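Raw contents of target-v7.cif, mmCIF, N, CA and C atoms and all ligand atoms:
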data_work
#
loop_
_atom_site.label_atom_id
_atom_site.label_comp_id
_atom_site.auth_asym_id
_atom_site.auth_seq_id
_atom_site.Cartn_x
_atom_site.Cartn_y
_atom_site.Cartn_z
N MET S 1 7.20 39.09 -18.02
CA MET S 1 8.06 38.87 -16.85
C MET S 1 8.98 37.68 -17.10
N SER S 2 10.26 37.80 -16.71
CA SER S 2 11.16 36.68 -16.98
C SER S 2 11.12 35.66 -15.84
N GLY S 3 11.45 34.44 -16.21
CA GLY S 3 11.38 33.33 -15.26
C GLY S 3 12.63 33.25 -14.40
N ASN S 4 12.60 32.34 -13.46
CA ASN S 4 13.74 32.23 -12.54
C ASN S 4 14.47 30.89 -12.67
N ILE S 5 14.26 30.21 -13.80
CA ILE S 5 14.88 28.90 -14.01
C ILE S 5 15.68 28.91 -15.30
N THR S 6 16.88 28.33 -15.25
CA THR S 6 17.60 28.06 -16.49
C THR S 6 18.18 26.65 -16.41
N PHE S 7 18.70 26.21 -17.54
CA PHE S 7 19.26 24.86 -17.61
C PHE S 7 20.68 24.96 -18.14
N THR S 8 21.57 24.12 -17.58
CA THR S 8 22.96 24.12 -18.04
C THR S 8 23.48 22.70 -18.19
N MET S 9 24.47 22.54 -19.03
CA MET S 9 25.26 21.31 -19.07
C MET S 9 26.73 21.70 -18.95
N ILE S 10 27.48 20.92 -18.19
CA ILE S 10 28.94 21.01 -18.22
C ILE S 10 29.37 20.01 -19.29
N LYS S 11 30.00 20.53 -20.33
CA LYS S 11 30.23 19.74 -21.55
C LYS S 11 31.40 18.76 -21.39
N PRO S 12 31.48 17.75 -22.30
CA PRO S 12 32.49 16.70 -22.14
C PRO S 12 33.93 17.20 -22.02
N ASN S 13 34.29 18.28 -22.70
CA ASN S 13 35.68 18.75 -22.60
C ASN S 13 36.00 19.21 -21.19
N ALA S 14 35.06 19.90 -20.56
CA ALA S 14 35.30 20.42 -19.21
C ALA S 14 35.28 19.28 -18.19
N VAL S 15 34.43 18.28 -18.42
CA VAL S 15 34.39 17.14 -17.50
C VAL S 15 35.69 16.34 -17.62
N SER S 16 36.13 16.07 -18.85
CA SER S 16 37.33 15.23 -19.01
C SER S 16 38.58 15.93 -18.48
N LYS S 17 38.56 17.25 -18.44
CA LYS S 17 39.70 17.99 -17.87
C LYS S 17 39.58 18.17 -16.36
N GLY S 18 38.48 17.68 -15.78
CA GLY S 18 38.33 17.73 -14.32
C GLY S 18 37.88 19.07 -13.79
N PHE S 19 37.23 19.87 -14.65
CA PHE S 19 36.83 21.23 -14.23
C PHE S 19 35.46 21.29 -13.57
N MET S 20 34.77 20.13 -13.39
CA MET S 20 33.38 20.23 -12.93
C MET S 20 33.29 20.83 -11.53
N GLY S 21 34.25 20.52 -10.65
CA GLY S 21 34.21 21.09 -9.30
C GLY S 21 34.31 22.60 -9.33
N GLN S 22 35.31 23.10 -10.09
CA GLN S 22 35.47 24.56 -10.19
C GLN S 22 34.24 25.22 -10.81
N ILE S 23 33.67 24.57 -11.83
CA ILE S 23 32.52 25.17 -12.51
C ILE S 23 31.31 25.20 -11.59
N ILE S 24 31.08 24.12 -10.85
CA ILE S 24 29.93 24.12 -9.93
C ILE S 24 30.14 25.17 -8.83
N THR S 25 31.38 25.32 -8.37
CA THR S 25 31.67 26.38 -7.39
C THR S 25 31.38 27.75 -7.98
N LYS S 26 31.80 27.99 -9.22
CA LYS S 26 31.55 29.29 -9.87
C LYS S 26 30.06 29.54 -10.01
N ILE S 27 29.31 28.49 -10.36
CA ILE S 27 27.86 28.64 -10.51
C ILE S 27 27.25 29.09 -9.17
N ALA S 28 27.68 28.44 -8.09
CA ALA S 28 27.16 28.81 -6.76
C ALA S 28 27.59 30.24 -6.40
N GLU S 29 28.84 30.59 -6.71
CA GLU S 29 29.33 31.95 -6.41
C GLU S 29 28.55 33.01 -7.17
N GLY S 30 28.00 32.63 -8.32
CA GLY S 30 27.20 33.56 -9.12
C GLY S 30 25.79 33.74 -8.59
N GLY S 31 25.47 33.04 -7.51
CA GLY S 31 24.15 33.22 -6.89
C GLY S 31 23.09 32.31 -7.48
N PHE S 32 23.51 31.29 -8.22
CA PHE S 32 22.55 30.35 -8.80
C PHE S 32 22.38 29.17 -7.84
N THR S 33 21.14 28.80 -7.58
CA THR S 33 20.83 27.66 -6.72
C THR S 33 20.60 26.43 -7.59
N ILE S 34 21.22 25.33 -7.23
CA ILE S 34 21.05 24.09 -8.01
C ILE S 34 19.75 23.40 -7.58
N LYS S 35 18.84 23.26 -8.53
CA LYS S 35 17.53 22.63 -8.27
C LYS S 35 17.52 21.17 -8.69
N ALA S 36 18.45 20.79 -9.57
CA ALA S 36 18.57 19.41 -10.02
C ALA S 36 19.96 19.26 -10.61
N LEU S 37 20.55 18.07 -10.46
CA LEU S 37 21.92 17.85 -10.95
C LEU S 37 22.09 16.37 -11.29
N LYS S 38 22.69 16.10 -12.43
CA LYS S 38 22.85 14.71 -12.89
C LYS S 38 24.16 14.55 -13.64
N PHE S 39 24.89 13.46 -13.35
CA PHE S 39 26.08 13.08 -14.12
C PHE S 39 25.62 12.00 -15.07
N THR S 40 25.75 12.25 -16.37
CA THR S 40 25.16 11.34 -17.33
C THR S 40 25.91 11.43 -18.65
N ARG S 41 25.46 10.69 -19.64
CA ARG S 41 26.08 10.77 -20.96
C ARG S 41 24.97 10.69 -22.01
N LEU S 42 25.04 11.57 -23.00
CA LEU S 42 24.07 11.58 -24.09
C LEU S 42 24.50 10.59 -25.17
N SER S 43 23.55 9.84 -25.72
CA SER S 43 23.83 9.10 -26.95
C SER S 43 23.84 10.12 -28.10
N LYS S 44 24.35 9.72 -29.25
CA LYS S 44 24.31 10.60 -30.43
C LYS S 44 22.86 11.01 -30.73
N GLU S 45 21.93 10.05 -30.64
CA GLU S 45 20.52 10.33 -30.94
C GLU S 45 19.94 11.33 -29.93
N GLN S 46 20.29 11.18 -28.66
CA GLN S 46 19.80 12.13 -27.65
C GLN S 46 20.39 13.52 -27.88
N ALA S 47 21.68 13.57 -28.24
CA ALA S 47 22.30 14.87 -28.52
C ALA S 47 21.61 15.53 -29.71
N GLU S 48 21.26 14.74 -30.73
CA GLU S 48 20.55 15.29 -31.90
C GLU S 48 19.17 15.81 -31.50
N MET S 49 18.51 15.10 -30.58
CA MET S 49 17.20 15.57 -30.11
C MET S 49 17.35 16.88 -29.32
N PHE S 50 18.33 16.88 -28.42
CA PHE S 50 18.52 18.06 -27.57
C PHE S 50 18.81 19.31 -28.41
N TYR S 51 19.67 19.16 -29.42
CA TYR S 51 20.08 20.30 -30.24
C TYR S 51 19.31 20.38 -31.56
N ALA S 52 18.11 19.78 -31.61
CA ALA S 52 17.34 19.71 -32.86
C ALA S 52 17.13 21.09 -33.50
N VAL S 53 17.04 22.13 -32.69
CA VAL S 53 16.85 23.48 -33.22
C VAL S 53 18.01 23.89 -34.15
N HIS S 54 19.17 23.24 -33.98
CA HIS S 54 20.34 23.58 -34.81
C HIS S 54 20.56 22.58 -35.95
N LYS S 55 19.55 21.75 -36.26
CA LYS S 55 19.80 20.62 -37.17
C LYS S 55 20.22 21.04 -38.58
N ASP S 56 19.88 22.24 -38.99
CA ASP S 56 20.28 22.68 -40.33
C ASP S 56 21.58 23.48 -40.33
N ARG S 57 22.20 23.62 -39.19
CA ARG S 57 23.45 24.40 -39.11
C ARG S 57 24.63 23.52 -39.50
N PRO S 58 25.66 24.10 -40.11
CA PRO S 58 26.81 23.30 -40.57
C PRO S 58 27.55 22.59 -39.43
N PHE S 59 27.42 23.10 -38.21
CA PHE S 59 28.16 22.51 -37.09
C PHE S 59 27.38 21.42 -36.36
N PHE S 60 26.15 21.11 -36.82
CA PHE S 60 25.27 20.20 -36.08
C PHE S 60 25.89 18.81 -35.87
N ASP S 61 26.45 18.24 -36.92
CA ASP S 61 26.98 16.87 -36.79
C ASP S 61 28.18 16.84 -35.84
N ALA S 62 29.09 17.79 -36.01
CA ALA S 62 30.26 17.84 -35.12
C ALA S 62 29.84 18.12 -33.67
N LEU S 63 28.87 19.01 -33.50
CA LEU S 63 28.41 19.36 -32.14
C LEU S 63 27.80 18.14 -31.45
N THR S 64 26.96 17.40 -32.17
CA THR S 64 26.29 16.25 -31.55
C THR S 64 27.26 15.08 -31.36
N ASP S 65 28.26 14.96 -32.24
CA ASP S 65 29.34 13.97 -32.01
C ASP S 65 30.06 14.32 -30.70
N PHE S 66 30.43 15.58 -30.59
CA PHE S 66 31.17 16.04 -29.41
C PHE S 66 30.34 15.87 -28.14
N MET S 67 29.09 16.28 -28.17
CA MET S 67 28.26 16.24 -26.95
C MET S 67 27.94 14.81 -26.51
N SER S 68 28.12 13.84 -27.43
CA SER S 68 27.91 12.44 -27.04
C SER S 68 29.24 11.71 -26.84
N SER S 69 30.35 12.45 -26.83
CA SER S 69 31.67 11.81 -26.78
C SER S 69 32.12 11.43 -25.37
N GLY S 70 31.42 11.91 -24.36
CA GLY S 70 31.83 11.60 -22.99
C GLY S 70 30.79 12.11 -22.02
N PRO S 71 30.98 11.82 -20.72
CA PRO S 71 29.98 12.23 -19.75
C PRO S 71 29.87 13.75 -19.59
N ILE S 72 28.71 14.15 -19.15
CA ILE S 72 28.39 15.57 -18.90
C ILE S 72 27.72 15.68 -17.53
N TYR S 73 27.62 16.91 -17.03
CA TYR S 73 26.72 17.20 -15.92
C TYR S 73 25.58 18.04 -16.49
N ALA S 74 24.36 17.67 -16.12
CA ALA S 74 23.17 18.45 -16.49
C ALA S 74 22.60 19.04 -15.21
N ALA S 75 22.14 20.29 -15.26
CA ALA S 75 21.62 20.92 -14.04
C ALA S 75 20.55 21.95 -14.35
N ILE S 76 19.59 22.03 -13.45
CA ILE S 76 18.60 23.12 -13.47
C ILE S 76 19.03 24.12 -12.40
N LEU S 77 19.07 25.39 -12.78
CA LEU S 77 19.53 26.45 -11.88
C LEU S 77 18.42 27.46 -11.64
N GLU S 78 18.42 28.03 -10.45
CA GLU S 78 17.41 29.03 -10.11
C GLU S 78 18.08 30.35 -9.70
N LYS S 79 17.58 31.41 -10.22
CA LYS S 79 18.00 32.76 -9.83
C LYS S 79 16.99 33.71 -10.46
N GLU S 80 16.85 34.89 -9.92
CA GLU S 80 15.98 35.88 -10.57
C GLU S 80 16.49 36.15 -11.99
N ASN S 81 15.58 36.17 -12.94
CA ASN S 81 15.96 36.44 -14.34
C ASN S 81 17.06 35.48 -14.80
N ALA S 82 16.86 34.17 -14.50
CA ALA S 82 17.93 33.18 -14.60
C ALA S 82 18.56 33.05 -15.98
N VAL S 83 17.73 33.04 -17.03
CA VAL S 83 18.28 32.79 -18.37
C VAL S 83 19.29 33.86 -18.75
N GLU S 84 18.88 35.11 -18.63
CA GLU S 84 19.77 36.22 -19.01
C GLU S 84 20.96 36.31 -18.06
N ALA S 85 20.68 36.14 -16.76
CA ALA S 85 21.77 36.25 -15.77
C ALA S 85 22.83 35.18 -16.02
N TYR S 86 22.41 33.97 -16.34
CA TYR S 86 23.39 32.90 -16.55
C TYR S 86 24.15 33.10 -17.86
N ARG S 87 23.45 33.53 -18.91
CA ARG S 87 24.14 33.77 -20.19
C ARG S 87 25.19 34.87 -20.02
N ASN S 88 24.86 35.90 -19.29
CA ASN S 88 25.86 36.95 -19.02
C ASN S 88 27.02 36.39 -18.20
N TYR S 89 26.69 35.54 -17.26
CA TYR S 89 27.71 35.04 -16.32
C TYR S 89 28.71 34.10 -17.01
N ILE S 90 28.21 33.23 -17.92
CA ILE S 90 29.12 32.23 -18.53
C ILE S 90 29.96 32.84 -19.64
N GLY S 91 29.54 33.95 -20.22
CA GLY S 91 30.33 34.61 -21.26
C GLY S 91 29.87 34.22 -22.66
N ALA S 92 30.46 34.88 -23.65
CA ALA S 92 30.08 34.68 -25.05
C ALA S 92 30.26 33.22 -25.48
N THR S 93 29.47 32.81 -26.50
CA THR S 93 29.51 31.43 -26.99
C THR S 93 30.94 31.02 -27.34
N ASN S 94 31.66 31.91 -28.00
CA ASN S 94 33.05 31.62 -28.36
C ASN S 94 33.96 32.03 -27.18
N PRO S 95 34.63 31.07 -26.55
CA PRO S 95 35.47 31.41 -25.39
C PRO S 95 36.48 32.52 -25.65
N GLU S 96 36.94 32.62 -26.91
CA GLU S 96 37.91 33.67 -27.24
C GLU S 96 37.31 35.06 -27.06
N GLU S 97 35.97 35.14 -27.20
CA GLU S 97 35.29 36.44 -27.08
C GLU S 97 34.65 36.63 -25.71
N ALA S 98 34.76 35.62 -24.86
CA ALA S 98 34.10 35.68 -23.54
C ALA S 98 34.87 36.60 -22.60
N ALA S 99 34.14 37.24 -21.69
CA ALA S 99 34.76 38.17 -20.74
C ALA S 99 35.75 37.45 -19.82
N GLU S 100 36.78 38.17 -19.43
CA GLU S 100 37.76 37.64 -18.47
C GLU S 100 37.03 37.18 -17.21
N GLY S 101 37.40 36.01 -16.71
CA GLY S 101 36.82 35.52 -15.47
C GLY S 101 35.52 34.75 -15.66
N SER S 102 34.95 34.78 -16.88
CA SER S 102 33.71 34.03 -17.12
C SER S 102 34.03 32.54 -17.26
N ILE S 103 33.00 31.71 -17.07
CA ILE S 103 33.22 30.26 -17.11
C ILE S 103 33.76 29.82 -18.46
N ARG S 104 33.21 30.36 -19.54
CA ARG S 104 33.69 29.93 -20.86
C ARG S 104 35.12 30.42 -21.13
N LYS S 105 35.46 31.61 -20.64
CA LYS S 105 36.83 32.09 -20.82
C LYS S 105 37.80 31.21 -20.02
N LEU S 106 37.40 30.86 -18.81
CA LEU S 106 38.30 30.10 -17.93
C LEU S 106 38.45 28.65 -18.38
N TYR S 107 37.34 28.04 -18.81
CA TYR S 107 37.34 26.58 -19.00
C TYR S 107 36.99 26.13 -20.41
N GLY S 108 36.65 27.04 -21.32
CA GLY S 108 36.30 26.67 -22.68
C GLY S 108 37.53 26.42 -23.53
N THR S 109 37.37 25.55 -24.53
CA THR S 109 38.47 25.23 -25.44
C THR S 109 38.27 25.95 -26.77
N ASN S 110 37.04 25.86 -27.32
CA ASN S 110 36.69 26.52 -28.57
C ASN S 110 35.17 26.69 -28.60
N ILE S 111 34.64 27.18 -29.73
CA ILE S 111 33.21 27.52 -29.76
C ILE S 111 32.32 26.30 -29.53
N GLN S 112 32.78 25.14 -29.94
CA GLN S 112 32.00 23.91 -29.73
C GLN S 112 32.20 23.39 -28.31
N ALA S 113 33.46 23.26 -27.94
CA ALA S 113 33.81 22.77 -26.60
C ALA S 113 33.94 23.97 -25.67
N ASN S 114 32.80 24.67 -25.50
CA ASN S 114 32.83 25.95 -24.76
C ASN S 114 32.45 25.79 -23.29
N ALA S 115 32.75 24.63 -22.74
CA ALA S 115 32.66 24.32 -21.31
C ALA S 115 31.24 24.11 -20.79
N VAL S 116 30.34 25.04 -21.12
CA VAL S 116 28.97 24.92 -20.60
C VAL S 116 27.94 25.37 -21.65
N HIS S 117 26.78 24.76 -21.53
CA HIS S 117 25.60 25.20 -22.27
C HIS S 117 24.75 26.06 -21.35
N GLY S 118 24.05 27.02 -21.90
CA GLY S 118 23.06 27.77 -21.14
C GLY S 118 21.83 28.00 -22.00
N SER S 119 20.64 27.81 -21.43
CA SER S 119 19.39 28.00 -22.19
C SER S 119 19.31 29.41 -22.75
N ASP S 120 18.64 29.55 -23.91
CA ASP S 120 18.54 30.87 -24.53
C ASP S 120 17.18 31.54 -24.32
N SER S 121 16.24 30.86 -23.67
CA SER S 121 14.94 31.48 -23.39
C SER S 121 14.29 30.75 -22.23
N ASP S 122 13.31 31.41 -21.60
CA ASP S 122 12.58 30.77 -20.50
C ASP S 122 11.90 29.49 -20.98
N GLU S 123 11.33 29.56 -22.17
CA GLU S 123 10.62 28.40 -22.72
C GLU S 123 11.59 27.23 -22.92
N ASN S 124 12.75 27.51 -23.50
CA ASN S 124 13.73 26.43 -23.72
C ASN S 124 14.31 25.92 -22.41
N ALA S 125 14.42 26.78 -21.41
CA ALA S 125 14.92 26.33 -20.11
C ALA S 125 14.02 25.23 -19.54
N ILE S 126 12.71 25.41 -19.68
CA ILE S 126 11.76 24.41 -19.18
C ILE S 126 11.87 23.13 -20.02
N ILE S 127 11.89 23.29 -21.34
CA ILE S 127 11.97 22.12 -22.23
C ILE S 127 13.26 21.34 -21.96
N GLU S 128 14.37 22.06 -21.85
CA GLU S 128 15.66 21.39 -21.66
C GLU S 128 15.76 20.73 -20.28
N GLY S 129 15.24 21.38 -19.25
CA GLY S 129 15.23 20.76 -17.92
C GLY S 129 14.42 19.48 -17.93
N ASN S 130 13.28 19.53 -18.62
CA ASN S 130 12.41 18.35 -18.67
C ASN S 130 13.00 17.23 -19.53
N PHE S 131 13.94 17.59 -20.41
CA PHE S 131 14.62 16.58 -21.23
C PHE S 131 15.43 15.64 -20.33
N PHE S 132 15.97 16.18 -19.24
CA PHE S 132 16.86 15.40 -18.38
C PHE S 132 16.23 14.96 -17.06
N PHE S 133 15.25 15.71 -16.55
CA PHE S 133 14.81 15.49 -15.18
C PHE S 133 13.30 15.26 -15.10
N SER S 134 12.93 14.30 -14.25
CA SER S 134 11.51 14.11 -13.91
C SER S 134 11.16 15.11 -12.81
N GLU S 135 9.88 15.29 -12.54
CA GLU S 135 9.46 16.23 -11.49
C GLU S 135 10.05 15.83 -10.14
N LEU S 136 10.17 14.51 -9.89
CA LEU S 136 10.70 14.04 -8.60
C LEU S 136 12.18 14.37 -8.41
N GLU S 137 12.88 14.64 -9.51
CA GLU S 137 14.32 14.93 -9.42
C GLU S 137 14.61 16.42 -9.27
N LYS S 138 13.55 17.24 -9.27
CA LYS S 138 13.74 18.70 -9.13
C LYS S 138 13.43 19.09 -7.70
N PHE S 139 14.35 19.84 -7.09
CA PHE S 139 14.18 20.17 -5.65
C PHE S 139 13.91 21.65 -5.43
P1 LIG S 201 25.46 25.89 -26.58
O1 LIG S 201 25.16 26.93 -25.56
O2 LIG S 201 25.59 24.48 -26.14
O3 LIG S 201 24.30 25.97 -27.70
C1 LIG S 201 24.52 25.59 -29.04
C2 LIG S 201 25.94 25.26 -29.31
O4 LIG S 201 26.29 25.26 -30.67
C3 LIG S 201 26.81 26.36 -28.72
O5 LIG S 201 26.80 26.29 -27.32
C4 LIG S 201 28.13 26.06 -29.38
O6 LIG S 201 28.88 25.07 -28.69
C5 LIG S 201 27.69 25.51 -30.71
N1 LIG S 201 27.95 26.48 -31.78
C6 LIG S 201 27.33 27.65 -31.97
N2 LIG S 201 27.84 28.28 -33.05
C7 LIG S 201 28.81 27.47 -33.53
C8 LIG S 201 29.72 27.57 -34.62
N3 LIG S 201 29.72 28.62 -35.43
N4 LIG S 201 30.59 26.55 -34.82
C9 LIG S 201 30.59 25.48 -33.99
N5 LIG S 201 29.74 25.33 -32.94
C10 LIG S 201 28.87 26.32 -32.72
#

Let me see whether you can do it: turn the structure in this file into structure tokens.
Ligand code: CMP
Amino acid sequence: MSGNITFTMIKPNAVSKGFMGQIITKIAEGGFTIKALKFTRLSKEQAEMFYAVHKDRPFFDALTDFMSSGPIYAAILEKENAVEAYRNYIGATNPEEAAEGSIRKLYGTNIQANAVHGSDSDENAIIEGNFFFSELEKF
């Protein structure tokens, strides 16, 4: 059975362009309930920890530089079958390949600066949410 929680970040490119309001509105319009929300900034070391699963990929250094380059929004979202529903909703990893009207198509710049992160499994959704939020910060 799939879980009802996923985790997202609004990435530095989307925040610096002022898209966070539109993106949070789109998230709500998609039927996702915000269970936790934080405006914060990752250090390079924290970005490396968060994306550790990608540490052997050629894009790891550039990705973690980018993700620590400016403030982000981190959020836990709730919806039935949340992980799959959110991944479908935000569009393909590469904004050029993302469906019309999806968050990544609308607000993404390129595959790295693709506007938002979305968890890829129920297990990672829990791990990623716990990376940013204590139990008291989840509603
Ligand atoms: P995200 O959902 O944050 O999860 C991992 C990130 O790695 C992904 O979004 C992309 O931003 C990034 N990524 C994945 N594949 C590539 C790639 N081929 N080149 C650069 N960045 C990538």

| said: Excluding Gly30 in chain S and its own-chain neighbours fewer than 4 positions away, which residues fall within 10 Å of it when counting only C-alpha atoms? Please give them as number ranges by chain. | reply: S: 24-26, 79, 85-86, 89-90

Wanna dump the chain S-ligand LIG 201 (chain S) contacts at 6 Å for me, each residue with its shortest atom pair and the distance in Å to one decimal, counting all atoms listed in the file, ordered by chain and number, as JSON lines?
{"residue": "S:Phe59", "atom": "CA", "partner": "S:LIG201", "partner_atom": "C9", "distance": 4.9}
{"residue": "S:Thr93", "atom": "CA", "partner": "S:LIG201", "partner_atom": "O5", "distance": 5.8}
{"residue": "S:Ile111", "atom": "C", "partner": "S:LIG201", "partner_atom": "O6", "distance": 3.7}
{"residue": "S:Gln112", "atom": "CA", "partner": "S:LIG201", "partner_atom": "O6", "distance": 3.5}
{"residue": "S:Ala113", "atom": "N", "partner": "S:LIG201", "partner_atom": "O6", "distance": 5.0}
{"residue": "S:Asn114", "atom": "N", "partner": "S:LIG201", "partner_atom": "O6", "distance": 5.1}
{"residue": "S:Val116", "atom": "C", "partner": "S:LIG201", "partner_atom": "O1", "distance": 5.0}
{"residue": "S:His117", "atom": "CA", "partner": "S:LIG201", "partner_atom": "O1", "distance": 3.7}
{"residue": "S:Gly118", "atom": "N", "partner": "S:LIG201", "partner_atom": "O1", "distance": 3.8}

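Reported to one decimal place, the separation of CA of Thr109 in chain S from CA of Pro95 in chain S is 6.9 Å.
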
| task | Report the residues of range 1-100 of chain S whose backbone DSSP state falls under helix (DSSP H, G or I), written as number ranges by chain. | result | S: 12-16, 20-29, 44-50, 52-54, 60-67, 82-90, 95-97

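Of the residues listed (S:Val83, S:Pro58, S:Ser69, S:Asn110), S:Val83 shows the shortest atom-to-atom separation from Asn124 in chain S; distances use only C-alpha atoms.
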
| So how many Å separate CA of Asp61 in chain S and atom N of Asn94 in chain S, to one decimal? | 18.0 Å

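When all atoms listed in the file are used to measure the gap to Asn13 in chain S, the shortest distance among S:Thr40, S:Asn88, S:Gly70, S:Ser102 belongs to S:Gly70.
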
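Proximity of S:Leu37, S:Ile27, S:Ala62, S:Leu77 to Asn4 in chain S, computed with all atoms listed in the file, is greatest for S:Leu77.
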
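Here CA of Ile34 in chain S stands at a distance of 27.3 Å from CA of Glu96 in chain S.
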
| field | 7 Å contact set for Phe139 in chain S, all atoms listed in the file, chain neighbours under 3 positions out, as a VMD selection string | value | chain S and resid 34 to 36 135 to 136

Please produce a file of those selected residues containing N, CA and C atoms, as a PDB file, in the coordinates of the input.
ATOM      1  N   ILE S  34      21.220  25.330  -7.230  1.00  0.00           N
ATOM      2  CA  ILE S  34      21.050  24.090  -8.010  1.00  0.00           C
ATOM      3  C   ILE S  34      19.750  23.400  -7.580  1.00  0.00           C
ATOM      4  N   LYS S  35      18.840  23.260  -8.530  1.00  0.00           N
ATOM      5  CA  LYS S  35      17.530  22.630  -8.270  1.00  0.00           C
ATOM      6  C   LYS S  35      17.520  21.170  -8.690  1.00  0.00           C
ATOM      7  N   ALA S  36      18.450  20.790  -9.570  1.00  0.00           N
ATOM      8  CA  ALA S  36      18.570  19.410 -10.020  1.00  0.00           C
ATOM      9  C   ALA S  36      19.960  19.260 -10.610  1.00  0.00           C
ATOM     10  N   GLU S 135       9.880  15.290 -12.540  1.00  0.00           N
ATOM     11  CA  GLU S 135       9.460  16.230 -11.490  1.00  0.00           C
ATOM     12  C   GLU S 135      10.050  15.830 -10.140  1.00  0.00           C
ATOM     13  N   LEU S 136      10.170  14.510  -9.890  1.00  0.00           N
ATOM     14  CA  LEU S 136      10.700  14.040  -8.600  1.00  0.00           C
ATOM     15  C   LEU S 136      12.180  14.370  -8.410  1.00  0.00           C
TER      16      LEU S 136
END

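Nearest to Ile5 in chain S of all the residues S:Ser121, S:Gln22, S:Ser68, S:Gln46 is S:Ser121, based on all atoms listed in the file.
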
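Here the question is which of S:Ala82, S:Ala99, S:Ala125, S:Gly91 gets nearest to Gly31 in chain S using only C-alpha atoms, and that residue is S:Ala82.
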
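The shortest atom-to-atom distance to Ile103 in chain S, with only N, CA and C atoms taken into account, belongs to S:Ile23 out of S:Gly129, S:Ser16, S:Ile23, S:Asp122.
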